[in-house]
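J.: The file below is coords00.json, JSON, C-alpha atoms:
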[["chain", "number", "residue", "atom", "x", "y", "z"],
["A", 29, "MET", "CA", 120.61, 92.13, 107.13],
["A", 30, "ALA", "CA", 117.78, 89.69, 107.92],
["A", 31, "VAL", "CA", 115.57, 90.27, 110.91],
["A", 32, "THR", "CA", 113.55, 87.50, 112.56],
["A", 33, "LEU", "CA", 110.38, 88.59, 114.28],
["A", 34, "PRO", "CA", 108.67, 86.47, 116.93],
["A", 35, "GLY", "CA", 105.34, 85.10, 115.80],
["A", 36, "CYS", "CA", 106.33, 85.14, 112.16],
["A", 37, "PHE", "CA", 105.97, 82.30, 109.74],
["A", 38, "SER", "CA", 107.42, 78.97, 110.74],
["A", 39, "SER", "CA", 108.18, 77.31, 107.43],
["A", 40, "ASN", "CA", 110.73, 74.70, 108.37],
["A", 41, "LYS", "CA", 109.21, 72.15, 106.02],
["A", 42, "ASN", "CA", 111.85, 69.57, 106.85],
["A", 43, "GLN", "CA", 110.84, 69.65, 110.51],
["A", 44, "GLY", "CA", 107.16, 69.32, 109.53],
["A", 45, "GLU", "CA", 107.93, 66.32, 107.36],
["A", 46, "ARG", "CA", 110.00, 64.68, 110.14],
["A", 47, "LEU", "CA", 107.24, 65.29, 112.67],
["A", 48, "TYR", "CA", 104.71, 63.78, 110.27],
["A", 49, "VAL", "CA", 106.84, 60.68, 109.74],
["A", 50, "ASP", "CA", 107.44, 60.27, 113.48],
["A", 51, "HIS", "CA", 103.93, 61.03, 114.77],
["A", 52, "CYS", "CA", 101.36, 60.63, 111.99],
["A", 53, "SER", "CA", 102.46, 58.39, 109.13],
["A", 54, "SER", "CA", 102.00, 55.08, 110.95],
["A", 55, "CYS", "CA", 98.22, 55.70, 110.88],
["A", 56, "HIS", "CA", 97.63, 58.22, 108.07],
["A", 57, "GLY", "CA", 100.19, 56.65, 105.72],
["A", 58, "GLY", "CA", 103.40, 57.83, 104.14],
["A", 59, "GLU", "CA", 101.48, 59.73, 101.46],
["A", 60, "GLY", "CA", 98.59, 60.85, 103.68],
["A", 61, "GLN", "CA", 96.33, 58.22, 102.12],
["A", 62, "GLY", "CA", 94.68, 57.04, 105.38],
["A", 63, "LEU", "CA", 93.53, 53.46, 105.93],
["A", 64, "ALA", "CA", 90.34, 52.30, 104.21],
["A", 65, "ARG", "CA", 87.33, 53.48, 106.24],
["A", 66, "LEU", "CA", 89.22, 53.32, 109.55],
["A", 67, "ILE", "CA", 91.59, 56.30, 109.38],
["A", 68, "PRO", "CA", 90.83, 59.34, 107.23],
["A", 69, "PRO", "CA", 93.12, 60.48, 104.47],
["A", 70, "LEU", "CA", 94.99, 63.74, 104.74],
["A", 71, "ALA", "CA", 95.78, 63.78, 101.01],
["A", 72, "GLY", "CA", 93.22, 65.96, 99.26],
["A", 73, "ALA", "CA", 91.16, 66.11, 102.46],
["A", 74, "ASP", "CA", 88.39, 68.72, 102.46],
["A", 75, "TYR", "CA", 88.38, 68.53, 106.28],
["A", 76, "LEU", "CA", 91.67, 70.43, 106.45],
["A", 77, "ALA", "CA", 90.29, 73.55, 104.77],
["A", 78, "LEU", "CA", 86.86, 73.31, 106.41],
["A", 79, "HIS", "CA", 88.29, 73.05, 109.93],
["A", 80, "ARG", "CA", 91.50, 75.10, 109.67],
["A", 81, "ALA", "CA", 90.97, 76.98, 112.95],
["A", 82, "GLU", "CA", 90.32, 73.73, 114.87],
["A", 83, "LEU", "CA", 93.31, 71.74, 113.61],
["A", 84, "PRO", "CA", 95.87, 72.92, 116.20],
["A", 85, "CYS", "CA", 93.52, 71.79, 119.00],
["A", 86, "LEU", "CA", 92.81, 68.51, 117.22],
["A", 87, "LEU", "CA", 96.54, 67.78, 116.98],
["A", 88, "ARG", "CA", 97.22, 68.86, 120.57],
["A", 89, "HIS", "CA", 94.30, 67.04, 122.22],
["A", 90, "GLY", "CA", 93.37, 64.31, 119.75],
["A", 91, "GLN", "CA", 90.06, 63.42, 118.15],
["A", 92, "LYS", "CA", 87.21, 61.29, 119.50],
["A", 93, "GLY", "CA", 83.90, 60.78, 117.80],
["A", 94, "PRO", "CA", 82.84, 60.81, 114.18],
["A", 95, "ILE", "CA", 84.26, 63.18, 111.59],
["A", 96, "VAL", "CA", 83.47, 63.44, 107.88],
["A", 97, "VAL", "CA", 86.33, 63.67, 105.38],
["A", 98, "ASN", "CA", 85.54, 63.87, 101.66],
["A", 99, "GLY", "CA", 81.99, 62.66, 102.33],
["A", 100, "VAL", "CA", 83.05, 59.57, 104.32],
["A", 101, "THR", "CA", 82.41, 59.24, 108.06],
["A", 102, "TYR", "CA", 85.29, 58.05, 110.24],
["A", 103, "ASN", "CA", 84.97, 57.20, 113.92],
["A", 104, "TYR", "CA", 88.43, 56.27, 115.16],
["A", 105, "VAL", "CA", 90.23, 57.72, 118.17],
["A", 106, "MET", "CA", 93.29, 59.79, 117.30],
["A", 107, "PRO", "CA", 95.72, 60.46, 120.15],
["A", 108, "GLY", "CA", 96.88, 64.01, 120.80],
["A", 109, "GLU", "CA", 100.42, 65.34, 120.72],
["A", 110, "LYS", "CA", 100.50, 67.30, 123.97],
["A", 111, "GLY", "CA", 104.31, 67.53, 123.95],
["A", 112, "MET", "CA", 104.60, 69.47, 120.69],
["A", 113, "SER", "CA", 105.40, 73.16, 120.93],
["A", 114, "PRO", "CA", 103.36, 75.72, 118.98],
["A", 115, "ALA", "CA", 106.31, 76.02, 116.56],
["A", 116, "GLN", "CA", 106.31, 72.25, 115.97],
["A", 117, "LEU", "CA", 102.53, 72.20, 115.49],
["A", 118, "THR", "CA", 102.88, 75.07, 113.03],
["A", 119, "ASN", "CA", 105.54, 73.24, 111.02],
["A", 120, "LEU", "CA", 103.55, 69.99, 111.06],
["A", 121, "LEU", "CA", 100.36, 71.72, 109.91],
["A", 122, "ASN", "CA", 102.19, 73.68, 107.21],
["A", 123, "TYR", "CA", 103.58, 70.38, 105.93],
["A", 124, "ILE", "CA", 100.25, 68.50, 105.99],
["A", 125, "GLU", "CA", 98.25, 71.39, 104.55],
["A", 126, "ASN", "CA", 100.63, 71.78, 101.60],
["A", 127, "SER", "CA", 101.40, 68.16, 100.71],
["A", 128, "TRP", "CA", 99.60, 65.50, 98.64],
["A", 129, "GLY", "CA", 97.52, 67.96, 96.65],
["A", 130, "ASN", "CA", 96.56, 70.12, 99.63],
["A", 131, "LYS", "CA", 97.03, 73.86, 99.21],
["A", 132, "SER", "CA", 96.70, 76.25, 102.14],
["A", 133, "LYS", "CA", 98.09, 79.62, 103.12],
["A", 134, "PRO", "CA", 101.07, 79.31, 105.45],
["A", 135, "ARG", "CA", 100.35, 79.35, 109.17],
["A", 136, "THR", "CA", 102.26, 81.48, 111.64],
["A", 137, "ILE", "CA", 103.26, 80.46, 115.14],
["A", 138, "ARG", "CA", 101.18, 83.35, 116.48],
["A", 139, "GLU", "CA", 98.09, 82.06, 114.63],
["A", 140, "VAL", "CA", 98.56, 78.56, 116.08],
["A", 141, "GLU", "CA", 99.11, 79.93, 119.59],
["A", 142, "GLU", "CA", 95.89, 81.94, 119.34],
["A", 143, "GLN", "CA", 93.96, 78.93, 118.07],
["A", 144, "LEU", "CA", 95.33, 76.78, 120.90],
["A", 145, "GLN", "CA", 93.86, 79.27, 123.39],
["A", 146, "ASN", "CA", 90.40, 78.37, 122.05],
["A", 147, "CYS", "CA", 90.72, 74.62, 122.69],
["A", 148, "ARG", "CA", 87.87, 73.06, 124.62]]
Write the structure described by the file as structure tokens, please.
T.:
Amino acid sequence: MAVTLPGCFSSNKNQGERLYVDHCSSCHGGEGQGLARLIPPLAGADYLALHRAELPCLLRHGQKGPIVVNGVTYNYVMPGEKGMSPAQLTNLLNYIENSWGNKSKPRTIREVEEQLQNCR
């Protein structure tokens, strides 16, 4: 008998991939490659590991101002996804952080909810 506990892992990779296609791929590319020096890549991006705790807030509220990804500075406004639930953000981040050469430990919904409480 399987038991589901609230706050456990959200690993619905298919939902994460669908969310990426619907909300992120038009700018970051179908393979997370980014766009020249305008939009940073997500594929093999050191930024993901270096800023893990900040990523839920970045997705929720967007990004303004310069960021450095793989040694390159990008300064393009990224809109936030205020309508995504913590579960959707968890699935999206688990997809991004484990695709295109990225390797990260799985996130839990509880972890994302806690990180969202720290948004500025």
J.: Of the residues A:His51, A:Glu45, A:Leu86, A:Tyr102, which is the one nearest to Leu63 of chain A, using only C-alpha atoms?
T.: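 Of the candidates, the smallest distance to Leu63 of chain A is held by A:Tyr102.
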J.: Just checking: using all atoms listed in the file, which residue out of A:Glu82, A:Asp74, A:Asp50, A:Glu59 ends up closest to Gly99 of chain A?
T.: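 Smallest separation from Gly99 of chain A among the options: A:Asp74.
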J.: Measuring between all atoms listed in the file, which one of A:Thr118, A:Asn42, A:Ala73, A:His89 shows the shortest distance to Asn130 of chain A?
T.: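 Going through A:Thr118, A:Asn42, A:Ala73, A:His89 one by one, the smallest distance to Asn130 of chain A is for A:Ala73.
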J.: To one decimal place, how far is atom CA of Val96 of chain A from atom CA of Met112 of chain A in Å?
T.: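 These atoms are spaced 25.4 Å apart.
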J.: Provide an axis-aligned box for all listed atoms of segment 110-128 of chain A, padding each side by 3 Å; report its centre and its edge lengths in Å to one decimal, as JSON.
T.:
{"center_x": 102.3, "center_y": 70.8, "center_z": 111.3, "size_x": 14.1, "size_y": 16.5, "size_z": 31.3}
J.: For atom CA of Leu87 of chain A and atom CA of Asn122 of chain A, quote the distance in Å rounded to one decimal.
T.: 12.7 Å
J.: From the set A:Pro94, A:Gly129, A:Pro107, A:Pro114, which residue has the shortest atom-to-atom contact distance to Leu66 of chain A, counting only C-alpha atoms?
T.: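 Answer, going by the shortest atom-to-atom distance: A:Pro94.
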J.: I'd like to know which of A:Thr101, A:Ser127, A:Ser132, A:Gln43 is closest to Gly58 of chain A, using only C-alpha atoms.
T.: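 Of the candidates, the smallest distance to Gly58 of chain A is held by A:Ser127.
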J.: Kindly reconstruct segment 44-55 of chain A with all heavy atoms and present the result as an mmCIF file, in the frame of the given file.
T.:
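Written file, selection22.cif:
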data_model
loop_
_atom_site.group_PDB
_atom_site.id
_atom_site.type_symbol
_atom_site.label_atom_id
_atom_site.label_comp_id
_atom_site.auth_asym_id
_atom_site.auth_seq_id
_atom_site.Cartn_x
_atom_site.Cartn_y
_atom_site.Cartn_z
ATOM 1 N N GLY A 44 108.546 69.777 109.681
ATOM 2 C CA GLY A 44 107.160 69.320 109.530
ATOM 3 C C GLY A 44 107.090 67.926 108.971
ATOM 4 O O GLY A 44 106.325 67.082 109.446
ATOM 5 N N GLU A 45 107.904 67.651 107.962
ATOM 6 C CA GLU A 45 107.930 66.320 107.360
ATOM 7 C C GLU A 45 108.433 65.284 108.371
ATOM 8 O O GLU A 45 107.867 64.194 108.502
ATOM 9 C CB GLU A 45 108.797 66.316 106.117
ATOM 10 C CG GLU A 45 108.814 64.987 105.391
ATOM 11 C CD GLU A 45 109.597 65.045 104.092
ATOM 12 O OE1 GLU A 45 110.388 65.993 103.888
ATOM 13 O OE2 GLU A 45 109.413 64.130 103.281
ATOM 14 N N ARG A 46 109.481 65.616 109.109
ATOM 15 C CA ARG A 46 110.000 64.680 110.140
ATOM 16 C C ARG A 46 108.967 64.415 111.215
ATOM 17 O O ARG A 46 108.790 63.271 111.650
ATOM 18 C CB ARG A 46 111.281 65.237 110.767
ATOM 19 C CG ARG A 46 112.512 65.112 109.890
ATOM 20 C CD ARG A 46 113.796 65.432 110.654
ATOM 21 N NE ARG A 46 113.759 66.682 111.388
ATOM 22 C CZ ARG A 46 114.063 67.878 110.898
ATOM 23 N NH1 ARG A 46 114.452 67.991 109.644
ATOM 24 N NH2 ARG A 46 114.000 68.962 111.651
ATOM 25 N N LEU A 47 108.283 65.462 111.667
ATOM 26 C CA LEU A 47 107.240 65.290 112.670
ATOM 27 C C LEU A 47 106.118 64.407 112.132
ATOM 28 O O LEU A 47 105.585 63.554 112.843
ATOM 29 C CB LEU A 47 106.690 66.645 113.122
ATOM 30 C CG LEU A 47 107.630 67.485 113.971
ATOM 31 C CD1 LEU A 47 107.109 68.919 114.088
ATOM 32 C CD2 LEU A 47 107.823 66.868 115.350
ATOM 33 N N TYR A 48 105.748 64.612 110.881
ATOM 34 C CA TYR A 48 104.710 63.780 110.270
ATOM 35 C C TYR A 48 105.136 62.321 110.260
ATOM 36 O O TYR A 48 104.370 61.440 110.671
ATOM 37 C CB TYR A 48 104.372 64.257 108.843
ATOM 38 C CG TYR A 48 103.313 63.371 108.227
ATOM 39 C CD1 TYR A 48 101.975 63.568 108.535
ATOM 40 C CD2 TYR A 48 103.658 62.310 107.398
ATOM 41 C CE1 TYR A 48 100.997 62.733 108.024
ATOM 42 C CE2 TYR A 48 102.691 61.465 106.886
ATOM 43 C CZ TYR A 48 101.364 61.680 107.199
ATOM 44 O OH TYR A 48 100.394 60.834 106.709
ATOM 45 N N VAL A 49 106.345 62.056 109.800
ATOM 46 C CA VAL A 49 106.840 60.680 109.740
ATOM 47 C C VAL A 49 106.845 60.053 111.136
ATOM 48 O O VAL A 49 106.408 58.917 111.329
ATOM 49 C CB VAL A 49 108.243 60.624 109.084
ATOM 50 C CG1 VAL A 49 108.891 59.259 109.276
ATOM 51 C CG2 VAL A 49 108.143 60.971 107.608
ATOM 52 N N ASP A 50 107.307 60.798 112.119
ATOM 53 C CA ASP A 50 107.440 60.270 113.480
ATOM 54 C C ASP A 50 106.113 60.121 114.212
ATOM 55 O O ASP A 50 105.969 59.222 115.043
ATOM 56 C CB ASP A 50 108.359 61.169 114.316
ATOM 57 C CG ASP A 50 109.801 61.126 113.859
ATOM 58 O OD1 ASP A 50 110.174 60.225 113.066
ATOM 59 O OD2 ASP A 50 110.576 62.003 114.292
ATOM 60 N N HIS A 51 105.142 60.995 113.949
ATOM 61 C CA HIS A 51 103.930 61.030 114.770
ATOM 62 C C HIS A 51 102.635 60.680 114.035
ATOM 63 O O HIS A 51 101.638 60.381 114.701
ATOM 64 C CB HIS A 51 103.760 62.414 115.395
ATOM 65 C CG HIS A 51 104.865 62.786 116.328
ATOM 66 N ND1 HIS A 51 104.867 62.441 117.656
ATOM 67 C CD2 HIS A 51 106.021 63.460 116.111
ATOM 68 C CE1 HIS A 51 105.973 62.888 118.229
ATOM 69 N NE2 HIS A 51 106.691 63.507 117.309
ATOM 70 N N CYS A 52 102.628 60.736 112.715
ATOM 71 C CA CYS A 52 101.360 60.630 111.990
ATOM 72 C C CYS A 52 101.321 59.525 110.934
ATOM 73 O O CYS A 52 100.269 58.945 110.676
ATOM 74 C CB CYS A 52 101.030 61.947 111.302
ATOM 75 S SG CYS A 52 101.162 63.411 112.344
ATOM 76 N N SER A 53 102.454 59.266 110.307
ATOM 77 C CA SER A 53 102.460 58.390 109.130
ATOM 78 C C SER A 53 102.088 56.947 109.432
ATOM 79 O O SER A 53 101.571 56.253 108.558
ATOM 80 C CB SER A 53 103.806 58.449 108.416
ATOM 81 O OG SER A 53 104.827 57.898 109.231
ATOM 82 N N SER A 54 102.324 56.479 110.662
ATOM 83 C CA SER A 54 102.000 55.080 110.950
ATOM 84 C C SER A 54 100.485 54.836 110.840
ATOM 85 O O SER A 54 100.072 53.712 110.550
ATOM 86 C CB SER A 54 102.511 54.662 112.330
ATOM 87 O OG SER A 54 101.903 55.437 113.337
ATOM 88 N N CYS A 55 99.669 55.850 111.033
ATOM 89 C CA CYS A 55 98.220 55.700 110.880
ATOM 90 C C CYS A 55 97.721 56.303 109.555
ATOM 91 O O CYS A 55 96.966 55.673 108.829
ATOM 92 C CB CYS A 55 97.487 56.368 112.037
ATOM 93 S SG CYS A 55 97.735 55.551 113.618
#
